file query28.json (JSON, C-alpha atoms)
[["chain", "number", "residue", "atom", "x", "y", "z"],
["A", 269, "MET", "CA", 0.00, 0.00, 0.00],
["A", 270, "PHE", "CA", 1.16, 3.51, -0.81],
["A", 271, "ARG", "CA", 2.43, 5.44, 2.21],
["A", 272, "PHE", "CA", 4.09, 8.78, 2.69],
["A", 273, "LYS", "CA", 5.30, 10.99, 5.50],
["A", 274, "CYS", "CA", 3.45, 14.30, 5.70],
["A", 275, "THR", "CA", 5.75, 17.31, 5.42],
["A", 276, "SER", "CA", 3.60, 19.26, 7.88],
["A", 277, "CYS", "CA", 2.51, 16.91, 10.69],
["A", 278, "ASP", "CA", 5.42, 14.47, 10.27],
["A", 279, "GLU", "CA", 2.95, 11.53, 10.46],
["A", 280, "TRP", "CA", 2.82, 8.58, 8.07],
["A", 281, "HIS", "CA", -0.33, 8.37, 5.93],
["A", 282, "GLU", "CA", -1.56, 5.46, 3.82],
["A", 283, "GLY", "CA", -3.35, 5.52, 0.50],
["A", 284, "MET", "CA", -2.94, 7.80, -2.48],
["A", 285, "PRO", "CA", -4.62, 11.14, -1.71],
["A", 286, "THR", "CA", -6.78, 12.94, -4.26],
["A", 287, "PHE", "CA", -8.05, 16.50, -4.26],
["A", 288, "GLY", "CA", -10.58, 18.26, -6.42],
["A", 289, "ALA", "CA", -13.37, 20.76, -6.84],
["A", 290, "ASN", "CA", -17.10, 20.15, -6.51],
["A", 291, "ALA", "CA", -17.88, 22.50, -9.39],
["A", 292, "PRO", "CA", -16.12, 24.21, -12.28],
["A", 293, "LEU", "CA", -14.38, 27.49, -11.58],
["A", 294, "TYR", "CA", -16.88, 29.26, -13.84],
["A", 295, "PHE", "CA", -19.74, 28.14, -11.54],
["A", 296, "TYR", "CA", -18.23, 30.07, -8.64],
["A", 297, "GLY", "CA", -18.29, 33.24, -10.76],
["A", 298, "ILE", "CA", -22.09, 33.13, -10.74],
["A", 299, "PRO", "CA", -23.57, 34.92, -7.70],
["A", 300, "ALA", "CA", -24.64, 32.31, -5.15],
["A", 301, "GLU", "CA", -28.23, 33.55, -5.12],
["A", 302, "GLU", "CA", -28.47, 33.07, -8.91],
["A", 303, "ARG", "CA", -26.93, 29.59, -9.18],
["A", 304, "GLY", "CA", -30.20, 27.74, -8.58],
["A", 305, "GLU", "CA", -31.84, 29.28, -11.64],
["A", 306, "ARG", "CA", -28.80, 29.67, -13.90],
["A", 307, "CYS", "CA", -26.83, 26.49, -13.19],
["A", 308, "ALA", "CA", -27.55, 22.78, -13.48],
["A", 309, "LEU", "CA", -24.85, 21.02, -11.47],
["A", 310, "ASP", "CA", -24.58, 17.32, -10.72],
["A", 311, "SER", "CA", -21.65, 15.12, -9.76],
["A", 312, "ASP", "CA", -20.37, 14.81, -13.35],
["A", 313, "THR", "CA", -21.67, 17.75, -15.39],
["A", 314, "CYS", "CA", -22.49, 21.43, -15.09],
["A", 315, "VAL", "CA", -24.41, 23.70, -17.44],
["A", 316, "VAL", "CA", -24.46, 27.46, -16.88],
["A", 317, "ASP", "CA", -27.02, 29.66, -18.65],
["A", 318, "GLN", "CA", -27.56, 26.89, -21.22],
["A", 319, "GLU", "CA", -24.41, 28.25, -22.90],
["A", 320, "ASN", "CA", -21.43, 26.96, -20.92],
["A", 321, "PHE", "CA", -20.91, 23.21, -20.58],
["A", 322, "PHE", "CA", -18.55, 21.42, -18.20],
["A", 323, "VAL", "CA", -17.63, 17.82, -17.40],
["A", 324, "ARG", "CA", -15.77, 16.42, -14.43],
["A", 325, "GLY", "CA", -12.72, 14.24, -14.86],
["A", 326, "CYS", "CA", -9.46, 13.06, -13.38],
["A", 327, "LEU", "CA", -6.18, 14.75, -14.19],
["A", 328, "GLU", "CA", -3.81, 11.94, -13.27],
["A", 329, "ILE", "CA", -0.15, 12.38, -12.46],
["A", 330, "PRO", "CA", 2.12, 9.33, -12.27],
["A", 331, "VAL", "CA", 4.03, 8.91, -9.01],
["A", 332, "HIS", "CA", 7.58, 7.61, -9.44],
["A", 333, "GLY", "CA", 7.87, 3.99, -8.34],
["A", 334, "GLU", "CA", 4.13, 3.59, -7.65],
["A", 335, "THR", "CA", 1.32, 1.86, -9.52],
["A", 336, "ASP", "CA", -1.38, 4.34, -8.44],
["A", 337, "ALA", "CA", -1.39, 7.84, -9.88],
["A", 338, "PHE", "CA", -2.08, 11.01, -7.94],
["A", 339, "SER", "CA", -5.34, 12.50, -9.21],
["A", 340, "TRP", "CA", -6.72, 16.01, -9.32],
["A", 341, "GLY", "CA", -10.52, 16.07, -9.68],
["A", 342, "VAL", "CA", -11.04, 18.84, -12.23],
["A", 343, "TRP", "CA", -13.67, 20.31, -14.51],
["A", 344, "VAL", "CA", -13.27, 21.01, -18.22],
["A", 345, "SER", "CA", -15.44, 23.13, -20.51],
["A", 346, "LEU", "CA", -16.68, 21.53, -23.72],
["A", 347, "SER", "CA", -18.38, 22.94, -26.78],
["A", 348, "ARG", "CA", -22.15, 22.48, -26.99],
["A", 349, "ASP", "CA", -21.75, 19.73, -29.61],
["A", 350, "HIS", "CA", -19.09, 17.82, -27.70],
["A", 351, "PHE", "CA", -21.10, 18.12, -24.49],
["A", 352, "ALA", "CA", -24.16, 16.67, -26.27],
["A", 353, "GLU", "CA", -22.04, 13.79, -27.57],
["A", 354, "PHE", "CA", -20.58, 13.28, -24.08],
["A", 355, "LYS", "CA", -24.06, 13.18, -22.49],
["A", 356, "ALA", "CA", -25.43, 10.85, -25.17],
["A", 357, "CYS", "CA", -22.87, 8.15, -24.41],
["A", 358, "TYR", "CA", -22.15, 8.76, -20.72],
["A", 359, "ASP", "CA", -24.27, 5.86, -19.45],
["A", 360, "THR", "CA", -22.90, 3.49, -22.09],
["A", 361, "PRO", "CA", -20.59, 0.92, -20.45],
["A", 362, "LYS", "CA", -18.15, 0.80, -23.37],
["A", 363, "ARG", "CA", -17.42, 4.36, -24.43],
["A", 364, "SER", "CA", -13.63, 4.73, -24.46],
["A", 365, "HIS", "CA", -13.62, 4.66, -28.27],
["A", 366, "ILE", "CA", -15.58, 7.97, -28.37],
["A", 367, "GLY", "CA", -13.62, 11.20, -28.45],
["A", 368, "PRO", "CA", -11.35, 12.59, -27.22],
["A", 369, "PHE", "CA", -12.97, 15.99, -26.79],
["A", 370, "PHE", "CA", -11.07, 19.27, -26.72],
["A", 371, "GLY", "CA", -11.73, 21.47, -23.71],
["A", 372, "TRP", "CA", -10.41, 24.19, -21.43],
["A", 373, "LEU", "CA", -9.51, 23.47, -17.82],
["A", 374, "SER", "CA", -11.97, 25.16, -15.47],
["A", 375, "ALA", "CA", -9.93, 24.81, -12.30],
["A", 376, "GLU", "CA", -7.42, 26.84, -10.39],
["A", 377, "LEU", "CA", -5.05, 24.44, -8.65],
["A", 378, "PRO", "CA", -2.96, 25.90, -5.85],
["A", 379, "LEU", "CA", 0.78, 25.23, -5.86],
["A", 380, "TYR", "CA", 0.96, 26.01, -9.60],
["A", 381, "PRO", "CA", 0.94, 29.14, -11.72],
["A", 382, "SER", "CA", -2.57, 29.81, -13.05],
["A", 383, "THR", "CA", -4.16, 26.62, -14.35],
["A", 384, "GLU", "CA", -7.43, 28.13, -15.56],
["A", 385, "ASN", "CA", -8.00, 27.66, -19.30],
["A", 386, "LEU", "CA", -5.13, 25.27, -19.96],
["A", 387, "LYS", "CA", -5.87, 23.28, -23.13],
["A", 388, "THR", "CA", -7.04, 19.71, -22.52],
["A", 389, "LEU", "CA", -8.32, 16.56, -24.13],
["A", 390, "VAL", "CA", -11.11, 14.66, -22.37],
["A", 391, "HIS", "CA", -10.73, 10.91, -22.82],
["A", 392, "LEU", "CA", -13.79, 8.82, -21.95],
["A", 393, "ARG", "CA", -13.22, 5.59, -20.06],
["A", 394, "ASP", "CA", -15.28, 2.44, -19.89],
["A", 395, "ASP", "CA", -17.43, 1.05, -17.09],
["A", 396, "GLY", "CA", -18.50, 4.31, -15.46],
["A", 397, "ILE", "CA", -14.99, 5.54, -14.66],
["A", 398, "ARG", "CA", -14.70, 9.32, -14.81],
["A", 399, "PRO", "CA", -12.95, 10.68, -17.90],
["A", 400, "CYS", "CA", -9.19, 11.11, -17.97],
["A", 401, "ILE", "CA", -8.07, 14.69, -18.54],
["A", 402, "GLU", "CA", -4.91, 15.12, -20.60],
["A", 403, "LEU", "CA", -3.19, 18.50, -20.64],
["A", 404, "GLU", "CA", -1.62, 19.92, -23.76],
["A", 405, "PRO", "CA", 2.11, 19.09, -23.52],
["A", 406, "THR", "CA", 3.45, 22.56, -22.68],
["A", 407, "ASP", "CA", 6.07, 23.79, -20.23],
["A", 408, "HIS", "CA", 3.41, 24.64, -17.62],
["A", 409, "PRO", "CA", 4.49, 22.89, -14.36],
["A", 410, "LEU", "CA", 1.23, 20.93, -14.13],
["A", 411, "ALA", "CA", 1.63, 19.64, -17.70],
["A", 412, "VAL", "CA", 5.27, 18.77, -17.00],
["A", 413, "GLU", "CA", 4.24, 16.82, -13.89],
["A", 414, "GLN", "CA", 1.57, 14.96, -15.84],
["A", 415, "ARG", "CA", 4.15, 13.98, -18.48],
["A", 416, "ASN", "CA", 7.12, 13.24, -16.22],
["A", 417, "GLY", "CA", 5.47, 12.19, -12.97],
["A", 418, "ILE", "CA", 6.13, 13.36, -9.42],
["A", 419, "SER", "CA", 7.98, 12.04, -6.40],
["A", 420, "VAL", "CA", 6.42, 10.68, -3.23],
["A", 421, "ASP", "CA", 7.80, 13.81, -1.53],
["A", 422, "ARG", "CA", 5.76, 15.97, -3.92],
["A", 423, "VAL", "CA", 2.63, 13.99, -3.01],
["A", 424, "ALA", "CA", 3.42, 14.66, 0.66],
["A", 425, "GLU", "CA", 3.86, 18.38, -0.08],
["A", 426, "ILE", "CA", 0.48, 18.59, -1.85],
["A", 427, "TYR", "CA", -1.19, 16.66, 0.96],
["A", 428, "ALA", "CA", 0.26, 18.97, 3.61],
["A", 429, "PHE", "CA", -0.92, 22.04, 1.71],
["A", 430, "PHE", "CA", -4.54, 20.85, 1.70],
["A", 431, "MET", "CA", -4.74, 19.00, 4.99],
["A", 432, "HIS", "CA", -2.75, 21.42, 7.17],
["A", 433, "PRO", "CA", -3.41, 24.86, 5.63],
["A", 434, "GLN", "CA", -2.87, 26.77, 8.87],
["A", 435, "GLN", "CA", 0.67, 25.53, 9.31]]
call {"tool": "encode", "arguments": {"input": "query28.json", "output": "structure tokens"}}
result
Amino acid sequence: MFRFKCTSCDEWHEGMPTFGANAPLYFYGIPAEERGERCALDSDTCVVDQENFFVRGCLEIPVHGETDAFSWGVWVSLSRDHFAEFKACYDTPKRSHIGPFFGWLSAELPLYPSTENLKTLVHLRDDGIRPCIELEPTDHPLAVEQRNGISVDRVAEIYAFFMHPQQ
């Protein structure tokens, strides 16, 4: 089992951590009192004003020497047509042959320079597994980490940032 020593509390933790957002970044730009009428948000999709379409997926980063990847739960905007295609096949068990779909990252991940609107490809996966989000291979640190992987120490650093923010 994967274990790491937290850089903040100095304790050993087991299991690969994951962090993510409950909604796309764009959703949070809508005044809270208007979200109920302007937004349709569920666990996997979000539609704002019937004009902006988002899907939830996993931006996976390999961890050196480990079989499990570290995963950011992120949202990606899709065009109206790609969103319709996504929705049409989402409950289909075998769907990995559909796509990929181009999109823009709708997430701001701490510990990186701005991640909003990075170019992505959304790859559907079979058997109800959330889509895999692939970043355009640029020199952005998040894209570099997705390509090259990260160390266990980097996982511990990310964990400490989220789990011990006051320290």
call {"tool": "closest_residue", "arguments": {"input": "query28.json", "among": "A:Phe338, A:Tyr380, A:Phe429, A:Phe354", "to": "A:Arg393", "atoms": "all atoms listed in the file"}}
result
A:Phe354
call {"tool": "residues_around", "arguments": {"input": "query28.json", "residues": "A:Leu392", "least_positions_apart": "3", "cutoff": "10 Å", "atoms": "all atoms listed in the file", "output": "PyMOL selection string"}}
result
chain A and resi 325+354+357-358+362-369+389+395-401
call {"tool": "residues_around", "arguments": {"input": "query28.json", "residues": "A:Arg324", "least_positions_apart": "6", "cutoff": "7 Å", "atoms": "only C-alpha atoms", "output": "MDAnalysis selection string"}}
result
chainID A and resid 312:313 342:344
call {"tool": "atom_distance", "arguments": {"input": "query28.json", "atom1": "atom CA of A:Val331", "atom2": "atom CA of A:Met284"}}
result
9.6 Å
call {"tool": "atom_distance", "arguments": {"input": "query28.json", "atom1": "atom CA of A:Thr360", "atom2": "atom CA of A:Glu328"}}
result
22.7 Å
call {"tool": "atom_distance", "arguments": {"input": "query28.json", "atom1": "atom CA of A:Arg271", "atom2": "atom CA of A:His391"}}
result
28.8 Å
call {"tool": "axis_aligned_box", "arguments": {"input": "query28.json", "around": "stretch 420-433 of chain A", "padding_each_side": "3 Å", "output": "AutoDock Vina command-line options"}}
result
--center_x 1.5 --center_y 17.8 --center_z 1.6 --size_x 18.5 --size_y 20.2 --size_z 17.1
call {"tool": "closest_atom_pairs", "arguments": {"input": "query28.json", "of": "stretch 359-405 of chain A", "to": "stretch 290-300 of chain A", "cutoff": "12 Å", "atoms": "all atoms listed in the file", "output": "CSV"}}
result
residue,atom,partner,partner_atom,distance
A:Trp372,CA,A:Pro292,CA,10.8
A:Leu373,CA,A:Pro292,CA,8.7
A:Ser374,CA,A:Leu293,CA,5.1
A:Ala375,CA,A:Leu293,CA,5.2
A:Glu376,CA,A:Leu293,CA,7.1
A:Leu377,CA,A:Leu293,CA,10.2
A:Thr383,CA,A:Leu293,CA,10.6
A:Glu384,CA,A:Leu293,CA,8.0
A:Asn385,CA,A:Leu293,CA,10.0
call {"tool": "write_last_selection", "arguments": {"input": "query28.json", "atoms": "C-alpha atoms", "output": "PDB file, in the frame of the given file"}}
result
ATOM      1  CA  TRP A 372     -10.410  24.190 -21.430  1.00  0.00           C
ATOM      2  CA  LEU A 373      -9.510  23.470 -17.820  1.00  0.00           C
ATOM      3  CA  SER A 374     -11.970  25.160 -15.470  1.00  0.00           C
ATOM      4  CA  ALA A 375      -9.930  24.810 -12.300  1.00  0.00           C
ATOM      5  CA  GLU A 376      -7.420  26.840 -10.390  1.00  0.00           C
ATOM      6  CA  LEU A 377      -5.050  24.440  -8.650  1.00  0.00           C
ATOM      7  CA  THR A 383      -4.160  26.620 -14.350  1.00  0.00           C
ATOM      8  CA  GLU A 384      -7.430  28.130 -15.560  1.00  0.00           C
ATOM      9  CA  ASN A 385      -8.000  27.660 -19.300  1.00  0.00           C
TER      10      ASN A 385
END
call {"tool": "residues_around", "arguments": {"input": "query28.json", "residues": "A:Val315", "least_positions_apart": "2", "cutoff": "10 Å", "atoms": "all atoms listed in the file", "output": "list in words"}}
result
Pro292, Phe295, Arg306, Cys307, Ala308, Leu309, Asp310, Thr313, Asp317, Gln318, Glu319, Asn320, Phe321, Phe322, Val323, Ser345, Arg348 and Phe351 of chain A
call {"tool": "closest_residue", "arguments": {"input": "query28.json", "among": "A:Pro433, A:Leu386, A:Val423, A:Ile329", "to": "A:Pro285", "atoms": "all atoms listed in the file"}}
result
A:Val423
